[in-house]
file data-v8.cif (mmCIF, C-alpha atoms)
data_work
loop_
_atom_site.label_atom_id
_atom_site.label_comp_id
_atom_site.auth_asym_id
_atom_site.auth_seq_id
_atom_site.Cartn_x
_atom_site.Cartn_y
_atom_site.Cartn_z
CA MET A 1 130.25 1.52 108.68
CA PHE A 2 132.23 4.33 110.32
CA ARG A 3 132.26 2.45 113.65
CA LYS A 4 133.54 -0.68 111.95
CA SER A 5 136.33 1.28 110.22
CA LEU A 6 137.24 2.94 113.49
CA ALA A 7 137.35 -0.42 115.27
CA VAL A 8 139.59 -1.91 112.56
CA ALA A 9 141.92 1.09 112.73
CA ALA A 10 142.13 0.86 116.53
CA LEU A 11 142.90 -2.86 116.34
CA ALA A 12 145.61 -2.33 113.71
CA PHE A 13 147.18 0.43 115.81
CA SER A 14 147.22 -1.75 118.92
CA LEU A 15 148.93 -4.57 117.03
CA ALA A 16 151.65 -2.34 115.53
CA PRO A 17 155.15 -3.28 116.66
CA ALA A 18 156.45 -1.40 119.65
CA ALA A 19 159.73 -0.76 117.82
CA ALA A 20 157.97 1.57 115.42
CA SER A 21 157.64 4.12 118.22
CA ALA A 22 160.72 3.14 120.23
CA ALA A 23 163.24 5.78 121.17
CA PRO A 24 166.79 5.49 119.82
CA VAL A 25 169.22 3.38 121.84
CA TYR A 26 172.63 4.83 122.69
CA LEU A 27 175.67 2.58 123.16
CA GLU A 28 179.28 3.17 124.15
CA CYS A 29 181.45 0.42 122.71
CA MET A 30 185.13 -0.40 123.08
CA MET A 31 186.91 -2.39 120.38
CA THR A 32 190.52 -3.30 119.75
CA LEU A 33 191.27 -2.54 116.11
CA GLY A 34 193.79 -5.04 114.76
CA SER A 35 196.13 -7.10 116.86
CA GLY A 36 198.00 -5.47 119.70
CA GLN A 37 196.51 -2.03 119.27
CA LYS A 38 194.79 -0.08 122.02
CA GLU A 39 191.06 -0.05 122.48
CA THR A 40 189.06 2.50 120.51
CA GLN A 41 185.71 3.94 121.60
CA TRP A 42 182.71 3.81 119.28
CA ASN A 43 179.54 5.78 120.07
CA ILE A 44 176.59 4.08 118.40
CA THR A 45 172.97 5.20 118.05
CA LEU A 46 170.51 2.49 117.01
CA ASP A 47 167.22 3.87 115.68
CA GLU A 48 165.05 0.86 114.91
CA ALA A 49 161.98 3.00 114.16
CA VAL A 50 163.65 4.40 111.02
CA GLY A 51 166.07 1.51 110.41
CA THR A 52 169.29 3.44 110.81
CA VAL A 53 172.52 3.22 112.78
CA ALA A 54 174.73 6.24 113.35
CA TYR A 55 178.19 5.91 114.81
CA THR A 56 181.21 7.99 115.64
CA ILE A 57 184.78 7.02 116.43
CA PRO A 58 186.01 10.19 118.15
CA GLU A 59 189.68 9.18 118.20
CA LEU A 60 189.68 8.75 114.42
CA GLY A 61 187.39 11.71 113.67
CA THR A 62 184.94 9.36 111.95
CA ALA A 63 181.16 9.76 111.79
CA LYS A 64 178.76 7.75 109.64
CA LYS A 65 175.10 6.90 109.28
CA ALA A 66 174.09 3.56 107.75
CA GLN A 67 171.04 1.42 107.13
CA GLY A 68 170.68 -1.22 109.82
CA ILE A 69 169.23 -4.70 109.76
CA PHE A 70 167.38 -5.22 113.03
CA THR A 71 166.63 -8.80 114.07
CA PRO A 72 165.48 -10.04 117.49
CA ASP A 73 169.05 -10.89 118.56
CA LYS A 74 171.35 -8.66 116.44
CA VAL A 75 171.72 -5.38 114.66
CA ARG A 76 173.90 -5.43 111.53
CA PHE A 77 175.26 -2.39 109.72
CA ASP A 78 178.17 -1.92 107.35
CA ALA A 79 180.63 -4.66 108.40
CA MET A 80 179.57 -4.48 112.06
CA GLU A 81 177.21 -6.39 114.30
CA VAL A 82 175.91 -5.65 117.80
CA ASN A 83 174.44 -8.56 119.74
CA ARG A 84 171.20 -7.44 121.41
CA ILE A 85 171.49 -10.12 124.10
CA ASP A 86 175.00 -9.62 125.52
CA LEU A 87 176.00 -6.33 123.78
CA SER A 88 179.06 -7.88 122.16
CA PHE A 89 180.33 -5.94 119.16
CA THR A 90 182.03 -7.47 116.11
CA ARG A 91 183.56 -5.99 112.98
CA THR A 92 184.33 -8.38 110.13
CA ILE A 93 186.58 -7.23 107.30
CA ASN A 94 187.97 -8.98 104.24
CA LEU A 95 191.49 -7.68 103.66
CA LEU A 96 193.05 -9.10 100.49
CA GLY A 97 191.15 -12.35 100.86
CA GLU A 98 191.89 -12.73 104.57
CA VAL A 99 188.85 -12.41 106.85
CA LYS A 100 189.59 -10.62 110.12
CA ARG A 101 187.27 -10.10 113.07
CA ASP A 102 187.71 -7.41 115.67
CA GLN A 103 185.80 -8.01 118.91
CA GLY A 104 184.51 -5.49 121.37
CA GLN A 105 181.93 -4.90 124.08
CA CYS A 106 179.21 -2.29 124.39
CA LYS A 107 177.32 -0.85 127.31
CA MET A 108 174.18 1.21 127.42
CA ALA A 109 174.94 4.92 127.35
CA PRO A 110 172.75 7.47 129.06
CA THR A 111 170.23 9.26 126.89
CA PRO A 112 171.65 12.72 126.26
CA ALA A 113 169.86 15.67 127.85
CA ARG A 114 168.35 17.76 125.06
CA LYS A 115 167.38 21.40 124.85
CA PHE A 116 165.10 20.94 121.82
#

call {"tool": "encode", "arguments": {"input": "data-v8.cif", "output": "structure tokens"}}
result
Amino acid sequence: MFRKSLAVAALAFSLAPAAASAAPVYLECMMTLGSGQKETQWNITLDEAVGTVAYTIPELGTAKKAQGIFTPDKVRFDAMEVNRIDLSFTRTINLLGEVKRDQGQCKMAPTPARKF
């Protein structure tokens, strides 16, 4: 009985999704906010294992952590979406009934060196 339970547990562990143990992904994204404005940098951390997205916009002094929806081709959070295929970045906002989309592009950022 113990052997059977052990075998079932080993099989279940081997079939667990790889994302559950995946390391966070770091992105540097540039997006033009509104028409004619300069590009603004977004630093985004995607942590699929816990289902969260953290981002900062250094120029605006903004930092936030949100729940993410992770699909095979996109990650959605707040009003943003990162395409997992081409790393395009979109923010969709509804401003007084007018839908506006800001477009940007991300690139993989190096994993920060950590002391602990």

call {"tool": "closest_residue", "arguments": {"input": "data-v8.cif", "among": "A:Leu27, A:Ala22, A:Ala66, A:Leu96", "to": "A:Trp42", "atoms": "all atoms listed in the file"}}
result
A:Leu27

call {"tool": "resolve_selection", "arguments": {"input": "data-v8.cif", "expression": "the PyMOL selection byres ((chain A and resi 46) around 6)", "output": "list of chain:residue names"}}
result
A:Pro24, A:Val25, A:Thr45, A:Asp47, A:Val53

call {"tool": "closest_residue", "arguments": {"input": "data-v8.cif", "among": "A:Ala109, A:Ile57, A:Leu33, A:Ala63", "to": "A:Thr92", "atoms": "only C-alpha atoms"}}
result
A:Leu33

call {"tool": "closest_residue", "arguments": {"input": "data-v8.cif", "among": "A:Glu28, A:Glu48, A:Asp102, A:Asp86", "to": "A:Phe70", "atoms": "all atoms listed in the file"}}
result
A:Glu48

call {"tool": "closest_residue", "arguments": {"input": "data-v8.cif", "among": "A:Ser88, A:Asn43, A:Asn83, A:Asn94", "to": "A:Pro58", "atoms": "only C-alpha atoms"}}
result
A:Asn43

call {"tool": "resolve_selection", "arguments": {"input": "data-v8.cif", "expression": "the PyMOL selection byres ((chain A and resi 37-41) around 12)", "output": "ChimeraX atom specification"}}
result
/A:27-36,42-44,55-62,89,102-107

call {"tool": "atom_distance", "arguments": {"input": "data-v8.cif", "atom1": "atom CA of A:Met108", "atom2": "atom CA of A:Leu87"}}
result
8.6 Å

call {"tool": "closest_residue", "arguments": {"input": "data-v8.cif", "among": "A:Val99, A:Lys64, A:Gly51, A:Tyr26", "to": "A:Arg76", "atoms": "all atoms listed in the file"}}
result
A:Gly51

call {"tool": "atom_distance", "arguments": {"input": "data-v8.cif", "atom1": "atom CA of A:Ala49", "atom2": "atom CA of A:Arg91"}}
result
23.4 Å

call {"tool": "atom_distance", "arguments": {"input": "data-v8.cif", "atom1": "atom CA of A:Ile93", "atom2": "atom CA of A:Met80"}}
result
8.9 Å

call {"tool": "residues_around", "arguments": {"input": "data-v8.cif", "residues": "A:Thr71", "least_positions_apart": "2", "cutoff": "12 Å", "atoms": "only C-alpha atoms", "output": "list in words"}}
result
Ala19, Glu48, Gly51, Gly68, Ile69, Asp73, Lys74, Val75, Arg76, Phe77, Glu81, Val82, Asn83, Arg84 and Ile85 of chain A

call {"tool": "closest_residue", "arguments": {"input": "data-v8.cif", "among": "A:Ala23, A:Ala113, A:Thr52, A:Ala79", "to": "A:Gln67", "atoms": "only C-alpha atoms"}}
result
A:Thr52

call {"tool": "axis_aligned_box", "arguments": {"input": "data-v8.cif", "around": "stretch 97-101 of chain A", "padding_each_side": "5 Å", "output": "lines of an AutoDock Vina configuration file"}}
result
center_x = 189.6
center_y = -11.4
center_z = 107.0
size_x = 14.6
size_y = 12.6
size_z = 22.2
